[in-house]
Every structure is written in C-alpha cells, then in structure tokens.
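Pasted below: coords-v4.pdb, PDB, C-alpha atoms.
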```pdb
ATOM      1  CA  MET X1143      85.415  97.155  67.076  1.00  0.00           C
ATOM      2  CA  ARG X1144      84.518  99.600  64.272  1.00  0.00           C
ATOM      3  CA  TYR X1145      81.991 102.424  64.199  1.00  0.00           C
ATOM      4  CA  THR X1146      80.740 104.485  61.296  1.00  0.00           C
ATOM      5  CA  ILE X1147      81.235 108.225  61.221  1.00  0.00           C
ATOM      6  CA  GLY X1148      77.482 108.684  61.603  1.00  0.00           C
ATOM      7  CA  GLU X1149      77.461 106.808  64.895  1.00  0.00           C
ATOM      8  CA  MET X1150      79.756 109.370  66.508  1.00  0.00           C
ATOM      9  CA  GLY X1151      76.875 111.764  67.199  1.00  0.00           C
ATOM     10  CA  LYS X1152      74.571 109.269  68.909  1.00  0.00           C
ATOM     11  CA  SER X1153      74.038 110.124  72.562  1.00  0.00           C
ATOM     12  CA  GLU X1154      73.435 106.484  73.535  1.00  0.00           C
ATOM     13  CA  ILE X1155      77.101 105.577  72.933  1.00  0.00           C
ATOM     14  CA  ARG X1156      78.477 108.174  75.370  1.00  0.00           C
ATOM     15  CA  ARG X1157      80.811 106.702  78.016  1.00  0.00           C
ATOM     16  CA  PRO X1158      81.968 108.284  81.297  1.00  0.00           C
ATOM     17  CA  ILE X1159      85.286 110.073  80.909  1.00  0.00           C
ATOM     18  CA  SER X1160      87.221 112.953  82.433  1.00  0.00           C
ATOM     19  CA  CYS X1161      88.799 115.430  80.036  1.00  0.00           C
ATOM     20  CA  ILE X1162      92.248 116.678  81.045  1.00  0.00           C
ATOM     21  CA  VAL X1163      93.826 119.749  79.472  1.00  0.00           C
ATOM     22  CA  LEU X1164      97.549 120.222  80.042  1.00  0.00           C
ATOM     23  CA  ALA X1165      98.305 123.923  80.412  1.00  0.00           C
ATOM     24  CA  GLY X1166     101.975 123.804  81.332  1.00  0.00           C
ATOM     25  CA  GLY X1167     103.503 125.118  78.106  1.00  0.00           C
ATOM     26  CA  GLU X1168     105.235 128.446  78.623  1.00  0.00           C
ATOM     27  CA  GLY X1169     105.441 129.349  74.932  1.00  0.00           C
ATOM     28  CA  LYS X1170     109.005 130.676  75.192  1.00  0.00           C
ATOM     29  CA  ARG X1171     109.443 130.928  71.424  1.00  0.00           C
ATOM     30  CA  LEU X1172     106.203 132.929  71.255  1.00  0.00           C
ATOM     31  CA  ASP X1173     107.003 135.126  74.255  1.00  0.00           C
ATOM     32  CA  THR X1174     103.488 134.548  75.604  1.00  0.00           C
ATOM     33  CA  ASP X1175     101.284 131.947  77.287  1.00  0.00           C
ATOM     34  CA  LYS X1176     100.091 129.678  74.480  1.00  0.00           C
ATOM     35  CA  ALA X1177      96.774 128.935  76.170  1.00  0.00           C
ATOM     36  CA  PHE X1178      95.663 132.542  75.722  1.00  0.00           C
ATOM     37  CA  LEU X1179      96.515 132.987  72.075  1.00  0.00           C
ATOM     38  CA  ARG X1180      93.583 134.223  70.007  1.00  0.00           C
ATOM     39  CA  ILE X1181      92.774 132.027  66.998  1.00  0.00           C
ATOM     40  CA  GLY X1182      89.673 132.171  64.875  1.00  0.00           C
ATOM     41  CA  GLY X1183      88.260 135.027  66.908  1.00  0.00           C
ATOM     42  CA  ARG X1184      88.498 133.380  70.319  1.00  0.00           C
ATOM     43  CA  VAL X1185      90.960 132.518  73.048  1.00  0.00           C
ATOM     44  CA  LEU X1186      92.488 129.062  72.483  1.00  0.00           C
ATOM     45  CA  ILE X1187      91.976 127.612  75.977  1.00  0.00           C
ATOM     46  CA  GLU X1188      88.349 128.762  76.033  1.00  0.00           C
ATOM     47  CA  GLY X1189      87.605 126.906  72.797  1.00  0.00           C
ATOM     48  CA  ILE X1190      89.320 123.745  74.018  1.00  0.00           C
ATOM     49  CA  VAL X1191      87.477 123.733  77.353  1.00  0.00           C
ATOM     50  CA  GLU X1192      84.182 124.240  75.524  1.00  0.00           C
ATOM     51  CA  LYS X1193      84.877 121.265  73.250  1.00  0.00           C
ATOM     52  CA  MET X1194      85.921 119.062  76.152  1.00  0.00           C
ATOM     53  CA  ALA X1195      82.750 119.923  78.046  1.00  0.00           C
ATOM     54  CA  ARG X1196      80.734 118.515  75.137  1.00  0.00           C
ATOM     55  CA  ILE X1197      82.226 115.032  75.465  1.00  0.00           C
ATOM     56  CA  GLY X1198      83.382 114.680  79.081  1.00  0.00           C
ATOM     57  CA  ASP X1199      81.757 114.353  82.485  1.00  0.00           C
ATOM     58  CA  GLU X1200      84.231 116.881  83.855  1.00  0.00           C
ATOM     59  CA  VAL X1201      87.014 119.091  82.538  1.00  0.00           C
ATOM     60  CA  ILE X1202      90.306 119.323  84.441  1.00  0.00           C
ATOM     61  CA  ILE X1203      93.028 121.846  83.684  1.00  0.00           C
ATOM     62  CA  VAL X1204      96.471 120.889  84.975  1.00  0.00           C
ATOM     63  CA  THR X1205      98.297 124.104  85.773  1.00  0.00           C
ATOM     64  CA  ASN X1206     100.628 125.594  88.334  1.00  0.00           C
ATOM     65  CA  SER X1207      99.145 129.049  87.657  1.00  0.00           C
ATOM     66  CA  PRO X1208      95.501 128.561  88.710  1.00  0.00           C
ATOM     67  CA  GLN X1209      94.869 132.302  88.915  1.00  0.00           C
ATOM     68  CA  LYS X1210      94.938 132.441  85.111  1.00  0.00           C
ATOM     69  CA  TYR X1211      92.149 129.919  84.637  1.00  0.00           C
ATOM     70  CA  GLY X1212      89.672 130.674  87.420  1.00  0.00           C
ATOM     71  CA  HIS X1213      87.139 132.140  84.963  1.00  0.00           C
ATOM     72  CA  LEU X1214      86.761 128.834  83.113  1.00  0.00           C
ATOM     73  CA  GLU X1215      84.256 126.075  83.861  1.00  0.00           C
ATOM     74  CA  ALA X1216      86.877 123.514  84.837  1.00  0.00           C
ATOM     75  CA  ARG X1217      88.543 121.935  87.856  1.00  0.00           C
ATOM     76  CA  LEU X1218      92.075 123.216  88.392  1.00  0.00           C
ATOM     77  CA  VAL X1219      94.778 120.880  89.687  1.00  0.00           C
ATOM     78  CA  GLY X1220      98.493 121.422  90.182  1.00  0.00           C
ATOM     79  CA  ASP X1221     101.399 119.161  89.351  1.00  0.00           C
ATOM     80  CA  ILE X1222     102.078 116.469  91.926  1.00  0.00           C
ATOM     81  CA  TYR X1223     105.581 116.157  90.486  1.00  0.00           C
ATOM     82  CA  PRO X1224     106.513 119.729  89.463  1.00  0.00           C
ATOM     83  CA  GLY X1225     109.020 120.061  86.654  1.00  0.00           C
ATOM     84  CA  LYS X1226     108.347 116.577  85.271  1.00  0.00           C
ATOM     85  CA  GLY X1227     106.971 117.680  81.921  1.00  0.00           C
ATOM     86  CA  ALA X1228     103.977 116.245  80.126  1.00  0.00           C
ATOM     87  CA  LEU X1229     104.183 112.875  81.906  1.00  0.00           C
ATOM     88  CA  GLY X1230     103.866 114.646  85.243  1.00  0.00           C
ATOM     89  CA  GLY X1231     100.886 116.613  83.959  1.00  0.00           C
ATOM     90  CA  ILE X1232      99.103 113.524  82.665  1.00  0.00           C
ATOM     91  CA  TYR X1233      99.718 111.745  85.959  1.00  0.00           C
ATOM     92  CA  SER X1234      98.407 114.667  88.020  1.00  0.00           C
ATOM     93  CA  GLY X1235      95.260 115.040  85.932  1.00  0.00           C
ATOM     94  CA  LEU X1236      94.561 111.310  85.907  1.00  0.00           C
ATOM     95  CA  ARG X1237      95.035 111.078  89.673  1.00  0.00           C
ATOM     96  CA  ALA X1238      92.481 113.853  90.147  1.00  0.00           C
ATOM     97  CA  ALA X1239      89.973 112.466  87.638  1.00  0.00           C
ATOM     98  CA  ARG X1240      86.634 111.222  88.932  1.00  0.00           C
ATOM     99  CA  SER X1241      86.263 108.810  86.007  1.00  0.00           C
ATOM    100  CA  ASP X1242      88.348 105.697  85.429  1.00  0.00           C
ATOM    101  CA  TYR X1243      89.507 107.128  82.097  1.00  0.00           C
ATOM    102  CA  GLY X1244      91.071 110.458  81.264  1.00  0.00           C
ATOM    103  CA  LEU X1245      91.124 111.985  77.794  1.00  0.00           C
ATOM    104  CA  VAL X1246      94.275 114.119  77.660  1.00  0.00           C
ATOM    105  CA  VAL X1247      94.880 117.009  75.256  1.00  0.00           C
ATOM    106  CA  ALA X1248      97.323 119.900  75.235  1.00  0.00           C
ATOM    107  CA  CYS X1249      96.221 123.507  75.575  1.00  0.00           C
ATOM    108  CA  ASP X1250      97.685 124.523  72.209  1.00  0.00           C
ATOM    109  CA  MET X1251      95.676 122.253  69.891  1.00  0.00           C
ATOM    110  CA  PRO X1252      93.196 124.487  68.054  1.00  0.00           C
ATOM    111  CA  PHE X1253      91.739 121.890  65.684  1.00  0.00           C
ATOM    112  CA  LEU X1254      90.530 119.072  67.923  1.00  0.00           C
ATOM    113  CA  ASP X1255      87.941 116.941  66.119  1.00  0.00           C
ATOM    114  CA  LEU X1256      85.090 115.815  68.357  1.00  0.00           C
ATOM    115  CA  ARG X1257      84.212 112.910  66.090  1.00  0.00           C
ATOM    116  CA  LEU X1258      87.711 111.463  66.345  1.00  0.00           C
ATOM    117  CA  LEU X1259      87.737 111.982  70.108  1.00  0.00           C
ATOM    118  CA  ARG X1260      84.368 110.249  70.473  1.00  0.00           C
ATOM    119  CA  TYR X1261      85.641 107.359  68.371  1.00  0.00           C
ATOM    120  CA  MET X1262      88.647 107.023  70.683  1.00  0.00           C
ATOM    121  CA  ILE X1263      86.366 107.033  73.725  1.00  0.00           C
ATOM    122  CA  LEU X1264      84.337 104.208  72.200  1.00  0.00           C
ATOM    123  CA  LEU X1265      87.524 102.174  71.787  1.00  0.00           C
ATOM    124  CA  SER X1266      88.607 102.625  75.405  1.00  0.00           C
ATOM    125  CA  PRO X1267      86.766  99.781  77.238  1.00  0.00           C
ATOM    126  CA  GLY X1268      89.214  96.959  77.852  1.00  0.00           C
ATOM    127  CA  GLN X1269      92.215  99.192  77.079  1.00  0.00           C
ATOM    128  CA  ASP X1270      94.525 101.252  79.283  1.00  0.00           C
ATOM    129  CA  VAL X1271      95.783 103.586  76.551  1.00  0.00           C
ATOM    130  CA  VAL X1272      94.073 104.643  73.331  1.00  0.00           C
ATOM    131  CA  ILE X1273      96.528 106.652  71.273  1.00  0.00           C
ATOM    132  CA  PRO X1274      96.698 107.869  67.653  1.00  0.00           C
ATOM    133  CA  ARG X1275      99.626 106.771  65.527  1.00  0.00           C
ATOM    134  CA  VAL X1276     100.540 108.413  62.222  1.00  0.00           C
ATOM    135  CA  GLY X1277     103.346 106.495  60.565  1.00  0.00           C
ATOM    136  CA  GLU X1278     105.741 105.763  63.421  1.00  0.00           C
ATOM    137  CA  LEU X1279     104.740 108.849  65.424  1.00  0.00           C
ATOM    138  CA  THR X1280     102.376 108.522  68.365  1.00  0.00           C
ATOM    139  CA  GLU X1281     100.361 111.378  69.853  1.00  0.00           C
ATOM    140  CA  PRO X1282     100.559 111.010  73.667  1.00  0.00           C
ATOM    141  CA  LEU X1283      99.037 114.466  74.222  1.00  0.00           C
ATOM    142  CA  HIS X1284      95.919 113.461  72.287  1.00  0.00           C
ATOM    143  CA  ALA X1285      95.221 110.170  74.026  1.00  0.00           C
ATOM    144  CA  ILE X1286      93.115 108.337  76.584  1.00  0.00           C
ATOM    145  CA  TYR X1287      94.616 106.795  79.720  1.00  0.00           C
ATOM    146  CA  SER X1288      92.978 104.562  82.317  1.00  0.00           C
ATOM    147  CA  LYS X1289      93.796 104.706  86.006  1.00  0.00           C
ATOM    148  CA  GLU X1290      95.659 101.423  85.536  1.00  0.00           C
ATOM    149  CA  CYS X1291      98.418 103.620  84.094  1.00  0.00           C
ATOM    150  CA  LEU X1292      98.986 105.509  87.340  1.00  0.00           C
ATOM    151  CA  GLN X1293     101.385 103.054  88.980  1.00  0.00           C
ATOM    152  CA  PRO X1294     103.565 102.570  85.883  1.00  0.00           C
ATOM    153  CA  MET X1295     103.629 106.347  85.407  1.00  0.00           C
ATOM    154  CA  GLU X1296     104.616 106.887  89.011  1.00  0.00           C
ATOM    155  CA  ARG X1297     107.501 104.459  88.690  1.00  0.00           C
ATOM    156  CA  LEU X1298     108.828 106.399  85.711  1.00  0.00           C
ATOM    157  CA  LEU X1299     108.417 109.745  87.466  1.00  0.00           C
ATOM    158  CA  SER X1300     110.172 108.506  90.589  1.00  0.00           C
ATOM    159  CA  ALA X1301     113.062 107.285  88.435  1.00  0.00           C
ATOM    160  CA  GLY X1302     113.272 110.577  86.548  1.00  0.00           C
ATOM    161  CA  ARG X1303     112.279 108.913  83.271  1.00  0.00           C
ATOM    162  CA  LEU X1304     109.884 111.258  81.482  1.00  0.00           C
ATOM    163  CA  LYS X1305     109.279 109.615  78.098  1.00  0.00           C
ATOM    164  CA  ILE X1306     105.554 108.909  78.114  1.00  0.00           C
ATOM    165  CA  ILE X1307     105.578 105.782  75.956  1.00  0.00           C
ATOM    166  CA  ASP X1308     108.126 104.040  78.201  1.00  0.00           C
ATOM    167  CA  PHE X1309     105.371 102.572  80.386  1.00  0.00           C
ATOM    168  CA  PHE X1310     103.315 101.233  77.456  1.00  0.00           C
ATOM    169  CA  PRO X1311     104.775  97.696  77.628  1.00  0.00           C
ATOM    170  CA  GLU X1312     103.176  97.374  81.088  1.00  0.00           C
ATOM    171  CA  VAL X1313      99.604  98.179  79.985  1.00  0.00           C
ATOM    172  CA  ARG X1314      97.067  97.410  77.265  1.00  0.00           C
ATOM    173  CA  VAL X1315      97.463  99.809  74.346  1.00  0.00           C
ATOM    174  CA  ARG X1316      95.102 100.360  71.424  1.00  0.00           C
ATOM    175  CA  TYR X1317      96.737 102.339  68.621  1.00  0.00           C
ATOM    176  CA  VAL X1318      94.388 104.341  66.421  1.00  0.00           C
ATOM    177  CA  GLU X1319      96.016 104.012  63.035  1.00  0.00           C
ATOM    178  CA  GLU X1320      96.284 106.639  60.331  1.00  0.00           C
ATOM    179  CA  GLN X1321      93.573 105.130  58.128  1.00  0.00           C
ATOM    180  CA  GLU X1322      91.133 105.298  61.046  1.00  0.00           C
ATOM    181  CA  ILE X1323      92.112 108.858  61.942  1.00  0.00           C
ATOM    182  CA  LYS X1324      91.581 110.073  58.380  1.00  0.00           C
ATOM    183  CA  LEU X1325      87.964 108.896  58.376  1.00  0.00           C
ATOM    184  CA  PHE X1326      87.334 111.816  60.727  1.00  0.00           C
ATOM    185  CA  ASP X1327      90.268 114.152  60.218  1.00  0.00           C
ATOM    186  CA  PRO X1328      91.729 113.718  56.700  1.00  0.00           C
ATOM    187  CA  GLN X1329      94.539 116.241  57.237  1.00  0.00           C
ATOM    188  CA  CYS X1330      95.354 115.057  60.797  1.00  0.00           C
ATOM    189  CA  LEU X1331      94.967 118.634  62.030  1.00  0.00           C
ATOM    190  CA  SER X1332      93.855 117.330  65.428  1.00  0.00           C
ATOM    191  CA  PHE X1333      97.519 116.968  66.335  1.00  0.00           C
ATOM    192  CA  PHE X1334      98.610 120.390  65.106  1.00  0.00           C
ATOM    193  CA  ASN X1335     100.041 122.380  67.993  1.00  0.00           C
ATOM    194  CA  ILE X1336     101.564 125.816  68.300  1.00  0.00           C
ATOM    195  CA  ASN X1337     105.222 126.239  69.227  1.00  0.00           C
ATOM    196  CA  THR X1338     106.535 128.987  66.966  1.00  0.00           C
ATOM    197  CA  PRO X1339     105.325 132.236  65.370  1.00  0.00           C
ATOM    198  CA  ALA X1340     105.081 130.330  62.068  1.00  0.00           C
ATOM    199  CA  ASP X1341     102.791 127.754  63.711  1.00  0.00           C
ATOM    200  CA  LEU X1342     100.641 130.555  65.083  1.00  0.00           C
ATOM    201  CA  GLN X1343     100.295 132.188  61.675  1.00  0.00           C
ATOM    202  CA  LYS X1344      99.440 128.851  60.073  1.00  0.00           C
ATOM    203  CA  ALA X1345      96.791 128.196  62.725  1.00  0.00           C
ATOM    204  CA  ARG X1346      95.216 131.585  62.126  1.00  0.00           C
ATOM    205  CA  ASN X1347      95.226 131.022  58.375  1.00  0.00           C
ATOM    206  CA  LEU X1348      93.599 127.623  58.774  1.00  0.00           C
ATOM    207  CA  ALA X1349      91.036 128.940  61.238  1.00  0.00           C
ATOM    208  CA  GLY X1350      90.097 131.626  58.748  1.00  0.00           C
ATOM    209  CA  LYS X1351      89.196 128.930  56.200  1.00  0.00           C
ATOM    210  CA  GLU X1352      86.870 126.991  58.514  1.00  0.00           C
TER     211      GLU X1352
END
```

Could you quickly redo this structure as structure tokens?
Amino acid sequence: MRYTIGEMGKSEIRRPISCIVLAGGEGKRLDTDKAFLRIGGRVLIEGIVEKMARIGDEVIIVTNSPQKYGHLEARLVGDIYPGKGALGGIYSGLRAARSDYGLVVACDMPFLDLRLLRYMILLSPGQDVVIPRVGELTEPLHAIYSKECLQPMERLLSAGRLKIIDFFPEVRVRYVEEQEIKLFDPQCLSFFNINTPADLQKARNLAGKE
C-alpha cells in the first residue's frame, strides 16, 4: 500500500497507536543525561514528547528514573527486565501500552519526521513490525511493534539474548526501504542520535539551520 506525501496530514487516516520513548541512555561519553540536552533552543525530551503527542493516543516514557520526567505529559513505566538494554525497554513499553501497536523511538533523536512516522503507522495494519531499513541497516529504535511481538521478545529476554531483530523471523515484518524514507526525509536525519560530543555539536548545527 502506497500513500502520497500529501495524504500524511489528513486526520481521517489516523490509527490508534501508543508512542513509546526509551529514556534509558546514560550518555556516558557526554557526561550527562542525553534526554535533557538542549538542542535548537529546547530540551530534547520535551520536543520528542510533544511530537509524539501529535500522532499517538498516549505517550509512554520507559525509565528507571521517573523523578526526572514527572513534569512531562506522559505515562512513566519502569523496566520489567532491568539491565536488558533496548529490547527490555521496548518490551516494557509495549506491555504497558493501551493500544495494540507501539511506536518506539529513542530519547536522543532530535530530528524525528512526523510525516515519515505517520506513513509507518499507515503501513502497520496486518504487520507486527514496521521498521526502516537503509542499505543493510535497520532502525529498531524508530519502529512500530504490535503486541504479537511480546511473547517472542520475552523468550529472548529470558534467554539473555538482547539483539532486537532476533525475534523477527517469528513475526510479520514490513521493512520501510530507503527510497520510501527519502520521500519524507531525504537526508535520513530521523535516525540521527546523539552519543558523542561531536554528535551533539552536529545536532546543534543542524537545528540552527532549520
């Protein structure tokens, strides 16, 4: 199924979805909590929550430090499997979600594109995972997961296997290919995340050009 860019703004194509923000990154190389970096004149997590609220029926932040996020308009949930990385965070958020689908993003993605995210939501019926793929690289922290993924995820977590894509053979996966992504986000900045001081400076430079 294909949609034009213009269709992305039509309210009649909205589908129920929970938006899940993973806020577990400690930002060790930045010596600070990445979620509270200031980019483009605002705090990163605040901008992400605001964007998610525009497309989701609820916003969930997965964090083991809820005291940091109490001022935000979001549900706060802790890790069911602490110390199990991003897979554990996705599982915890999806378990808590009120909708059958959860749109998962990381807390350090300053350039999320709402048109691309809406396109992915439109692709989700009949799928268990909708995930971007650029070349051979997938973007599991910018993806949609259905609750059908919970049992396969739990099996991996119980076995100590934390690679997210390892459960994909058990579910229905729709890859969003590079040519589709670039209709909305030509530079693929949606997947840019901040791990180092150089990343932070680049993000601030890019934000200044918007």

Practice prompt. Spell out the residues picked by the PyMOL selection byres ((chain X and resi 1226) around 12) here, as a PyMOL selection string.
Written response: chain X and resi 1166+1221-1225+1227-1234+1295-1296+1298-1306

- request: Any chance you could resolve the PyMOL selection byres ((chain X and resi 1283) around 7) against this file and give the residues as a ChimeraX atom specification?
  value: /X:1246-1248,1281-1282,1284-1285

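With all atoms listed in the file taken into account, the protein and nucleic acid residues at most 7 Å from region 1314-1323 of chain X (excluding it and anything under 5 positions from it in its own chain) are X:Leu1258, X:Gln1269, X:Asp1270, X:Val1271, X:Val1272, X:Ile1273, X:Pro1274, X:Arg1275, X:Val1276.
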
How would you write, as number ranges by chain, the residues chosen by the PyMOL selection byres ((chain X and resi 1238) around 12) on this structure?
X: 1160-1162, 1200-1204, 1217-1222, 1231-1237, 1239-1244, 1289, 1292

- Task: Between CA of Asp1255 (chain X) and CA of Cys1330 (chain X), measure the distance and give it in Å to one decimal.
- Result: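 Spanning CA of Asp1255 (chain X) to CA of Cys1330 (chain X) is a straight-line distance of 9.3 Å.
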
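For the pair CA of Ala1177 (chain X) and CA of Leu1245 (chain X), the interatomic distance is 17.9 Å.
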
Long-range neighbours of region 1343-1349 of chain X as a list in words, 7 Å cut-off, all atoms listed in the file, 3 positions minimum in chain
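Listed by chain and then number, they are Ile1181, Gly1182, Pro1339, Ala1340 and Glu1352 of chain X.
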
Option closest in space to Gly1268 (chain X), from X:Ser1288, X:Gln1209, X:Thr1174, X:Ser1332 [counting all atoms listed in the file]: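 Comparing X:Ser1288, X:Gln1209, X:Thr1174, X:Ser1332 against Gly1268 (chain X), the winner is X:Ser1288.
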
Between X:Lys1193, X:Phe1178, X:Leu1186, X:Cys1291, smallest distance to Lys1210 (chain X) by all atoms listed in the file belongs to X:Phe1178

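One distance worth recording is that between CA of Met1251 (chain X) and CA of Pro1328 (chain X), which is 16.2 Å.
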
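Of the residues listed (X:Gly1183, X:Pro1267, X:Pro1311, X:Pro1208), X:Pro1208 shows the shortest atom-to-atom separation from Ala1165 (chain X); distances use all atoms listed in the file.
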
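Point (97.0, 127.8, 74.8) has the following residues at most 9 Å away: Ala1165, Gly1167, Gly1169, Asp1175, Lys1176, Ala1177, Phe1178, Leu1179, Arg1180, Val1185, Leu1186, Ile1187, Glu1188, Ile1190, Ala1248, Cys1249, Asp1250, Met1251, Pro1252 and Ile1336 of chain X (atoms considered: only C-alpha atoms).
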
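Among the candidates X:Ile1197, X:Glu1215, X:Arg1157, X:Glu1290, the one nearest to Leu1265 (chain X) when counting all atoms listed in the file is X:Arg1157.
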